[in-house]
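One structure below.
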Amino acid sequence: MAVINAVSLSKRFGRKQALDNVSLDVNGGDLFGLFGPNGAGKTTLLRIMTGQLEQDSGQAVILGIDAKKDPMEVKRRVGIVPEVESPPTYLTSYEYLYFVAKVRKIPDVEGSIERWFDFFDLRDARDTICRDLSKGMRQKLMLASAFIHEPKLLFMDEPFINLDPIFQRKLREYLLGYVKNGGTVFMCSHILEIAERLCTRAAIISDGRIIKSGQMSDLLKNGARLEEVFMGLVGKGE
Amino acid sequence: MLKEELRTHTTYSGRKRFFTFPIMVFIFAFIFGLSMQRLLQNTSLEQIALLTQGGAFIYGIGVGSFGFMGRQYIERGYGAKNFLVAMPALLPLTYRKTFLGLYLRDSIFYIALVLLPATLGLSAAAPFVGFKLTSILLFFLAAVLSFQIGTSLSFLGSVLYTRNIPSFVAFTSAIIALVILGGTMTMFDVMIIVPSIGMQLSVPPFGADYGTALLLGLEAVAAILALTALSLFLVRFRYVSREARFGTLLPRYMAHFRFSGKYTELIGKEIVDLRRSGTIGKMFFSFVLPLVFLSFTSWFVNTGLGLPIGFNSVFYGSMVGFMGILIFSWLNNVDSTDYYSLLPVSVPSVVRARIFIFMFLTTGISTTFVVILAFVQNEFDLLWLAILVMFVTSIYMVVMTAYLTGIRTNTFLFDMSIMSRFAVMSFLPDVGLTILSFSIRTSWVYALTGIAIVLFSLLGATAILYKGIERKWGRTGFDV
């Protein structure tokens, strides 16, 4: 059953057509990867589907909710990891997770915070304000804040960026377990090696249009690597 | 950097709407020029020149606080945005160079935004009222110098603030004392603080002492260069943090504000921001200083000049209310709000949480201020009314500003369509309450009835605007 249903989404910023009639479905249990060059429309699509931005036309239905009509309900039910790690400047790591847990009305606030502090090894940064965290620590905090309410659907924009190899691996394994237990992931990434190993379905977007989509196994026919497929489709002779 | 500034402003209000601002300044100056003959029937040209040059000086003071900004650009999260001033760590640039760039950027930007179109407007009126273009050009030169003196003073003050708060307090107090002693008490010539005023008064149409004008002009330039050089010398090169540890505040603050219902989390979080960012101190200064200035000026008009204008506690109550806008604009300038867009939090809920914080922060200070003034003026009989007026105008002003500007007060007030609505919506009740407050001692019933009508109208408008916040900002994102 489709948990993400995007139909003919278009969005224009001034003279730039960021999305042009984009349609896609993502089913429950998918680990869906969206790939494309810089400025192709990945982040715009993710922001529209998570109710952060309104499309000019088309419809995005997320977990049965129209993202344009009820963006708050979409945000309540999904977890979002943004492209740029931007937690609040003046809250400590603990306070940020506490704030998110309270806003999301999680019953066991302390237990949830402790769980993700342990998972991402954030204990030493507990009393450090986000301004003073390294980029990697901020990224871990953003991931923890997206996971803390245990949503059924995760939207992640470059989730592996700034993470060291140990945590890249840990996150990969967590996501595999997450989809195995019925969760769904929609992910944008430039790290094609990880995406190739992780994603079950994928789409490639260029100039605001989906130019290829399907099962990962179909995209990687005849032993092709995702990077080769990607370069063949959008490399423009590179 | 100029492009950055322009894009920051136009991103929110759009290019066309933003560029209507200088056009409106031009039109306003043109009309002002045309009505000069009529103005001169009641006011002397010297007084008008003093007011405009003083205005340019104060405008400069408002523009030049880059010391705060530099630190904010670097330390504060701006979400996906980045600014050149934060780049010396990555580019072969020194912090002195970037701050000099910031100084030049804001000087050029704000001269082009207001002083230049105002001068062009006056020039356009010149053929109709007989102004000489050379006089207007000299006026512009003097205004630019007055503006730059204000900017440089403010730059130095803000740099001192980032290094050592007591030195900032001493510096600010000294400037205020100079302005009060020279500007309002005329204990010495105001030209000592702002030589460009003297320059203006030495050239046509006021005089023809070009030697003195040149000397004062050079004095102004020297003051600007010295203040700027000192600021650049003192500017902090690195705001790299010490990775300081902080005690947990948020759960405690949320518990304090539990009675605010669905806004508890937001209010708790925003108050932690205010405390840790040091904004509360800046807010306090920017609220209290104008009030002190206002009370002193009114006192001086009454006792120093002996003019029998009835500045009573009710008048002060309304002024305190109207100045609340300064606090609200600070509340909207503490941290980036990008991360809110990841959570089930809407722009109207953040706006409302900030209105609540505004009331929480200002009610105590404002009430104390009005009580002190009532005590000083021996007007305890008017205290109840003064507090009522203060409270209603405060809540009206902040809700009206929140309705018009959402979480981008500083930027949207440069949008001419918003600015003009703001001006009308604040000016009309302000004038009404001021006039009525003056007649309290002479026509008690008339004044009280009038004030009651104004206050009920403001309360009604507040309720409508507060409800309207949802409709106006409900579909807006945090990055718009």
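All residue names refer to the structure tokens as shown: chains lettered A, B, ... in order, residues numbered from 1 in each chain, ligands numbered from 1 in order.
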
Practice item. Pick out each residue of region 90-195 of chain A that DSSP on the backbone tags as alpha helix (DSSP H); I need them as a VMD selection string. Key: chain A and resid 93 to 103 109 to 119 135 to 147 165 to 180 192 to 195

Practice item. With a cut-off of 7 Å and counting only C-alpha atoms, select all residues of chain A in contact with chain B and give the selection as a PyMOL selection string. Key: chain A and resi 52-53+72+75-76+80+84+86-90+95+99+102-103+127-128+131-132

Exercise for review: Please provide as a PyMOL selection string all residues within 12 Å of Thr151 (chain B), with the sequence filter that same-chain residues fewer than 6 positions apart are discarded (counting only C-alpha atoms).
Suggested key: chain B and resi 56-67+102-108+110-111+144-145+157-158+194+223-225+227-228+231

Review point. Hey, what's within 9 Å of Leu219 (chain A) if we count only C-alpha atoms and toss same-chain stuff fewer than 6 positions away? As number ranges by chain, please?
Key: A: 201-202, 212-213, 225-226, 229

Can I get the selected residues back with all heavy atoms, as a PDB file, in the first residue's frame?
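So the final result, stored in again-v9.pdb, reads:
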```pdb
ATOM      1  N   ARG A 201      14.009   0.642  -3.550  1.00  0.00           N
ATOM      2  CA  ARG A 201      13.473   1.299  -4.750  1.00  0.00           C
ATOM      3  C   ARG A 201      14.124   2.669  -4.885  1.00  0.00           C
ATOM      4  O   ARG A 201      14.600   3.246  -3.896  1.00  0.00           O
ATOM      5  CB  ARG A 201      11.954   1.467  -4.652  1.00  0.00           C
ATOM      6  CG  ARG A 201      11.206   0.133  -4.777  1.00  0.00           C
ATOM      7  CD  ARG A 201       9.709   0.354  -4.777  1.00  0.00           C
ATOM      8  NE  ARG A 201       9.304   1.107  -5.959  1.00  0.00           N
ATOM      9  CZ  ARG A 201       8.408   2.103  -5.926  1.00  0.00           C
ATOM     10  NH1 ARG A 201       7.848   2.467  -4.790  1.00  0.00           N
ATOM     11  NH2 ARG A 201       8.070   2.723  -7.043  1.00  0.00           N
ATOM     12  N   ALA A 202      14.112   3.178  -6.101  1.00  0.00           N
ATOM     13  CA  ALA A 202      14.786   4.465  -6.300  1.00  0.00           C
ATOM     14  C   ALA A 202      14.198   5.219  -7.481  1.00  0.00           C
ATOM     15  O   ALA A 202      13.499   4.644  -8.326  1.00  0.00           O
ATOM     16  CB  ALA A 202      16.272   4.233  -6.533  1.00  0.00           C
ATOM     17  N   LYS A 212      13.886   8.438 -14.254  1.00  0.00           N
ATOM     18  CA  LYS A 212      13.930   6.978 -14.150  1.00  0.00           C
ATOM     19  C   LYS A 212      13.462   6.594 -12.757  1.00  0.00           C
ATOM     20  O   LYS A 212      13.821   7.245 -11.775  1.00  0.00           O
ATOM     21  CB  LYS A 212      15.368   6.513 -14.357  1.00  0.00           C
ATOM     22  CG  LYS A 212      15.573   5.031 -14.403  1.00  0.00           C
ATOM     23  CD  LYS A 212      15.664   4.546 -15.835  1.00  0.00           C
ATOM     24  CE  LYS A 212      15.932   3.050 -15.891  1.00  0.00           C
ATOM     25  NZ  LYS A 212      15.781   2.542 -17.252  1.00  0.00           N
ATOM     26  N   SER A 213      12.683   5.533 -12.639  1.00  0.00           N
ATOM     27  CA  SER A 213      12.308   5.054 -11.304  1.00  0.00           C
ATOM     28  C   SER A 213      12.000   3.567 -11.372  1.00  0.00           C
ATOM     29  O   SER A 213      11.725   3.031 -12.452  1.00  0.00           O
ATOM     30  CB  SER A 213      11.101   5.835 -10.774  1.00  0.00           C
ATOM     31  OG  SER A 213       9.967   5.544 -11.539  1.00  0.00           O
ATOM     32  N   ARG A 225      26.670  -0.435 -11.754  1.00  0.00           N
ATOM     33  CA  ARG A 225      26.694   0.249 -10.467  1.00  0.00           C
ATOM     34  C   ARG A 225      25.750   1.454 -10.550  1.00  0.00           C
ATOM     35  O   ARG A 225      25.548   2.023 -11.627  1.00  0.00           O
ATOM     36  CB  ARG A 225      28.102   0.733 -10.106  1.00  0.00           C
ATOM     37  CG  ARG A 225      29.178  -0.332 -10.131  1.00  0.00           C
ATOM     38  CD  ARG A 225      28.891  -1.414  -9.092  1.00  0.00           C
ATOM     39  NE  ARG A 225      28.697  -0.878  -7.758  1.00  0.00           N
ATOM     40  CZ  ARG A 225      29.672  -0.726  -6.853  1.00  0.00           C
ATOM     41  NH1 ARG A 225      30.899  -1.089  -7.139  1.00  0.00           N
ATOM     42  NH2 ARG A 225      29.416  -0.241  -5.651  1.00  0.00           N
ATOM     43  N   LEU A 226      25.236   1.857  -9.392  1.00  0.00           N
ATOM     44  CA  LEU A 226      24.300   3.000  -9.380  1.00  0.00           C
ATOM     45  C   LEU A 226      24.977   4.258  -9.949  1.00  0.00           C
ATOM     46  O   LEU A 226      24.361   5.047 -10.665  1.00  0.00           O
ATOM     47  CB  LEU A 226      23.799   3.244  -7.947  1.00  0.00           C
ATOM     48  CG  LEU A 226      22.755   4.347  -7.782  1.00  0.00           C
ATOM     49  CD1 LEU A 226      21.513   4.101  -8.638  1.00  0.00           C
ATOM     50  CD2 LEU A 226      22.330   4.487  -6.320  1.00  0.00           C
ATOM     51  N   VAL A 229      24.798   4.134 -13.688  1.00  0.00           N
ATOM     52  CA  VAL A 229      23.429   4.421 -14.153  1.00  0.00           C
ATOM     53  C   VAL A 229      23.167   5.922 -14.039  1.00  0.00           C
ATOM     54  O   VAL A 229      22.664   6.562 -14.975  1.00  0.00           O
ATOM     55  CB  VAL A 229      22.397   3.628 -13.306  1.00  0.00           C
ATOM     56  CG1 VAL A 229      20.968   4.001 -13.696  1.00  0.00           C
ATOM     57  CG2 VAL A 229      22.611   2.133 -13.458  1.00  0.00           C
TER      58      VAL A 229
END
```

Review point. Counting only C-alpha atoms, what is within 6 Å of region 450-465 of chain B, bar same-chain residues fewer than 3 positions away, as a ChimeraX atom specification?
Key: /B:396,447,468

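Residues in contact with Lys152 (chain A) at up to 10 Å, not including ones fewer than 3 positions away on its chain and judged by only C-alpha atoms, are Val3, Gly28, Gly29, Leu63, Arg77, Val78, Gly79, Phe147, His149, Tyr178, Val179, Asn181, Gly182, Gly183, Thr184 and Val185 of chain A.
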
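Between CA of Val74 (chain A) and CA of Phe13 (chain A) lies a distance of 23.4 Å.
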
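Near Glu173 (chain A), within 12 Å and counting only C-alpha atoms, sit Phe119, Ile166, Phe167, Val179, Lys180, Ile194, Arg197 and Leu198 of chain A; same-chain residues fewer than 6 positions away were not included.
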
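Here CA of Leu160 (chain B) stands at a distance of 29.2 Å from CA of Met199 (chain B).
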
**Study point:** Nearest candidate to Leu192 (chain A) (options A:Lys42, A:Ile148, A:Phe160, A:Leu176; using only C-alpha atoms)
**Key:** A:Phe160
